[in-house]
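Taking it in order: structure first as structure tokens, then the write-up.
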2 protein chains.
Amino acid sequence: MHQKSYSSRGMRLENDINDSNKYYRELDRALIYKKPTPVQVVHVDYPKRQRAKITEAYYKTPSTTDYNGVYRGKYIDFEAKETKNKTSFPLFMIHPHQIKHLKKVVFHGGIGFFIIRFNYHNETYLVDSKLLIDKIENIDKSSIPYSWFQSHGILIQEGLCPRLAYLKAVDELYFKEDK
Amino acid sequence: MHQKSYSSRGMRLENDINDSNKYYRELDRALIYKKPTPVQVVHVDYPKRQRAKITEAYYKTPSTTDYNGVYRGKYIDFEAKETKNKTSFPLFMIHPHQIKHLKKVVFHGGIGFFIIRFNYHNETYLVDSKLLIDKIENIDKSSIPYSWFQSHGILIQEGLCPRLAYLKAVDELYFKEDK
């Protein structure tokens, strides 16, 4: 049954986060966007009476993470990844430039984290960037066990509005003293 | 002579800001990037043994400003515009979605501003977003006089490294009490 449930869900973490960000923006809870995918444009046609048409372009490797913005006066920055793996999260999914970027976010006083979804378990975790990066840099294996996320991450509550209530996890992790 | 000097300079504010951001990142002064231009991809070819080639795509209107990041623990967000006009800055250059976005930045506790360059005068000003937006919303004309920027903006110091020392203006405007 699990198998069916995750295949019908598909790989849709990005859509869930975009929907949640839209919800948070409309309620003025936070101002967080996904950055556009960088594209290197090589050729553009300018047909008469029509808008410019890009006819040759290539995807570029982003130098940062996918999401950033502002929440409760703080700079927020995160990367989101989902895996179909049942027992572990493969480390090749996190790129060196993302690690480097999130270290700098924290250095400059921002809040950095990862959102990691295990599609098989229908579970999505928020993990502090320093915590996960320390783990990545001190592990000999090419993956981190699912159980590590259960004990070190915060399980994000899922629902309809927002799809992914990840700011609740942010409150719990970074704003606890304010409550 | 002015004519010659500004035509040889060209319209290169974006490059100057990108260079300055790179300089600030390398010195760990700030972590600020230009967001990629959003592109709607319609068709992609996947040739064998070659990287994916986008063969049909269109530019999309961004819903936010061009630049954001983190500096001294604060969320930073700004839009940059340059004009060849000698006596005034035309308001059509600032789009409604940029005004709406910068209002939200300030609402959420971020720092929002505009960088406005007058190519004719070889001068670039940093203006607080609330100040300029108030002016835009309370003016009957379609432009704001150059003299308004001289009295309400901070003249950004230009040089080699960084090309545009705009963080000095940010310090002066938003971090004065910390000095």
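Residue numbers start at 1 in each chain; chains themselves are named A, B, ... in the order of the structure tokens; ligands are numbered from 1 in the order shown.
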
Distance limit 7 Å, atoms considered: only C-alpha atoms. Which chain A residues sit that close to chain B? Return them as a VMD selection string.
chain A and resid 30 35 to 38 52 to 58 70 to 75 108 to 110

Among range 5-98 of chain A, which residues carry a DSSP assignment of helix (DSSP H, G or I), reported as an MDAnalysis selection string?
chainID A and resid 5:9 13:26 91:93 96:98

I'd like the neighbourhood of Asp128 in chain B as a PyMOL selection string, where a residue qualifies if any of its atoms comes within 12 Å (using only C-alpha atoms), though same-chain residues fewer than 2 positions away should be ignored.
chain B and resi 76-79+99+102-103+105-106+110-116+125-126+130-135+149+152-154+169-170+172-174

Would you output that residue set with N, CA and C atoms, as a compact mmCIF listing (two decimals), in the first residue's frame?
# COMPACT_ATOMS: atom_id res chain seq x y z
N ILE B 76 18.22 41.76 3.25
CA ILE B 76 18.44 42.90 2.35
C ILE B 76 17.72 42.64 1.03
N ASP B 77 17.04 43.63 0.49
CA ASP B 77 16.29 43.45 -0.75
C ASP B 77 16.28 44.77 -1.51
N PHE B 78 16.66 44.74 -2.77
CA PHE B 78 16.63 46.01 -3.51
C PHE B 78 16.44 45.83 -5.01
N GLU B 79 16.08 46.94 -5.62
CA GLU B 79 15.91 47.01 -7.07
C GLU B 79 16.86 48.09 -7.58
N ILE B 99 7.12 47.69 -6.13
CA ILE B 99 6.68 48.52 -5.00
C ILE B 99 6.00 47.65 -3.95
N LEU B 102 8.58 45.47 -2.12
CA LEU B 102 9.44 46.18 -1.16
C LEU B 102 8.66 46.63 0.07
N LYS B 103 7.38 46.94 -0.08
CA LYS B 103 6.54 47.24 1.09
C LYS B 103 6.47 46.03 2.01
N VAL B 105 8.68 43.60 2.20
CA VAL B 105 10.01 43.40 2.80
C VAL B 105 10.11 44.18 4.11
N VAL B 106 9.70 45.45 4.07
CA VAL B 106 9.78 46.31 5.26
C VAL B 106 8.80 45.82 6.32
N GLY B 110 12.63 43.42 7.04
CA GLY B 110 13.82 43.46 6.20
C GLY B 110 14.21 44.89 5.86
N ILE B 111 15.35 45.03 5.21
CA ILE B 111 15.83 46.34 4.74
C ILE B 111 15.60 46.39 3.23
N GLY B 112 14.85 47.40 2.78
CA GLY B 112 14.54 47.53 1.35
C GLY B 112 14.98 48.88 0.83
N PHE B 113 15.56 48.89 -0.35
CA PHE B 113 15.97 50.18 -0.94
C PHE B 113 16.04 50.08 -2.46
N PHE B 114 16.26 51.24 -3.07
CA PHE B 114 16.50 51.32 -4.51
C PHE B 114 17.91 51.84 -4.75
N ILE B 115 18.53 51.34 -5.81
CA ILE B 115 19.78 51.94 -6.29
C ILE B 115 19.44 52.57 -7.64
N ILE B 116 19.59 53.90 -7.73
CA ILE B 116 19.20 54.65 -8.92
C ILE B 116 20.43 55.34 -9.49
N TYR B 125 22.69 56.67 -6.66
CA TYR B 125 22.15 56.96 -5.34
C TYR B 125 21.48 55.74 -4.73
N LEU B 126 21.63 55.60 -3.42
CA LEU B 126 20.84 54.62 -2.69
C LEU B 126 19.73 55.39 -1.97
N LYS B 130 10.92 52.98 1.48
CA LYS B 130 9.72 53.67 1.96
C LYS B 130 9.71 55.13 1.50
N LEU B 131 10.86 55.76 1.58
CA LEU B 131 10.99 57.16 1.18
C LEU B 131 10.61 57.35 -0.30
N LEU B 132 11.18 56.50 -1.16
CA LEU B 132 10.90 56.65 -2.60
C LEU B 132 9.46 56.25 -2.93
N ILE B 133 8.96 55.20 -2.28
CA ILE B 133 7.58 54.76 -2.56
C ILE B 133 6.58 55.83 -2.12
N ASP B 134 6.81 56.43 -0.94
CA ASP B 134 5.95 57.54 -0.50
C ASP B 134 5.95 58.67 -1.53
N LYS B 135 7.12 58.97 -2.03
CA LYS B 135 7.24 60.05 -3.03
C LYS B 135 6.47 59.68 -4.30
N PHE B 149 16.76 63.25 -5.61
CA PHE B 149 17.69 62.17 -5.26
C PHE B 149 18.95 62.74 -4.61
N HIS B 152 17.60 63.44 -1.04
CA HIS B 152 17.00 62.35 -0.26
C HIS B 152 17.75 61.02 -0.35
N GLY B 153 18.67 60.92 -1.30
CA GLY B 153 19.42 59.67 -1.45
C GLY B 153 20.82 59.81 -0.86
N ILE B 154 21.51 58.69 -0.80
CA ILE B 154 22.92 58.73 -0.40
C ILE B 154 23.75 58.43 -1.64
N ALA B 169 26.72 52.92 2.17
CA ALA B 169 25.47 53.69 2.24
C ALA B 169 24.44 52.95 3.10
N VAL B 170 24.42 51.61 3.00
CA VAL B 170 23.51 50.81 3.84
C VAL B 170 23.88 51.00 5.32
N GLU B 172 25.32 53.56 6.68
CA GLU B 172 24.98 54.93 7.08
C GLU B 172 23.47 55.06 7.33
N LEU B 173 22.70 54.39 6.50
CA LEU B 173 21.24 54.57 6.55
C LEU B 173 20.58 53.66 7.58
N TYR B 174 21.09 52.43 7.76
CA TYR B 174 20.35 51.45 8.57
C TYR B 174 21.12 50.94 9.80

Set the distance at 12 Å and use only C-alpha atoms: which residues neighbour Tyr146 in chain B once local chain neighbours fewer than 3 positions away are removed? I'd like the list as a list in words.
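In the requested form, the answer reads Thr83, Lys84, Asn85, Lys86, Thr87, Ser88, Phe89, Pro90, Ile116, Arg117, Phe118, Asn119, Tyr120, His121, Glu123, Thr124, Tyr125, Ser143, Phe149, Gln150, Ser151, His152 and Gly153 of chain B.
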
Taking C-alpha atoms for each residue, export the selection above as a compact mmCIF listing (two decimals), in the first residue's frame.
# COMPACT_ATOMS: atom_id res chain seq x y z
CA THR B 83 18.43 56.35 -16.59
CA LYS B 84 20.07 58.51 -19.24
CA ASN B 85 17.74 61.37 -18.30
CA LYS B 86 19.53 64.50 -17.15
CA THR B 87 16.95 66.20 -14.96
CA SER B 88 14.60 63.50 -13.67
CA PHE B 89 13.97 59.81 -13.06
CA PRO B 90 10.98 58.43 -15.05
CA ILE B 116 19.20 54.65 -8.92
CA ARG B 117 21.90 55.66 -11.37
CA PHE B 118 21.90 58.85 -13.42
CA ASN B 119 24.23 57.94 -16.26
CA TYR B 120 24.47 61.53 -17.46
CA HIS B 121 25.82 62.69 -14.11
CA GLU B 123 26.13 59.35 -10.08
CA THR B 124 24.45 56.46 -8.31
CA TYR B 125 22.15 56.96 -5.34
CA SER B 143 9.00 61.52 -12.98
CA PHE B 149 17.69 62.17 -5.26
CA GLN B 150 20.53 64.57 -4.43
CA SER B 151 18.74 65.63 -1.25
CA HIS B 152 17.00 62.35 -0.26
CA GLY B 153 19.42 59.67 -1.45
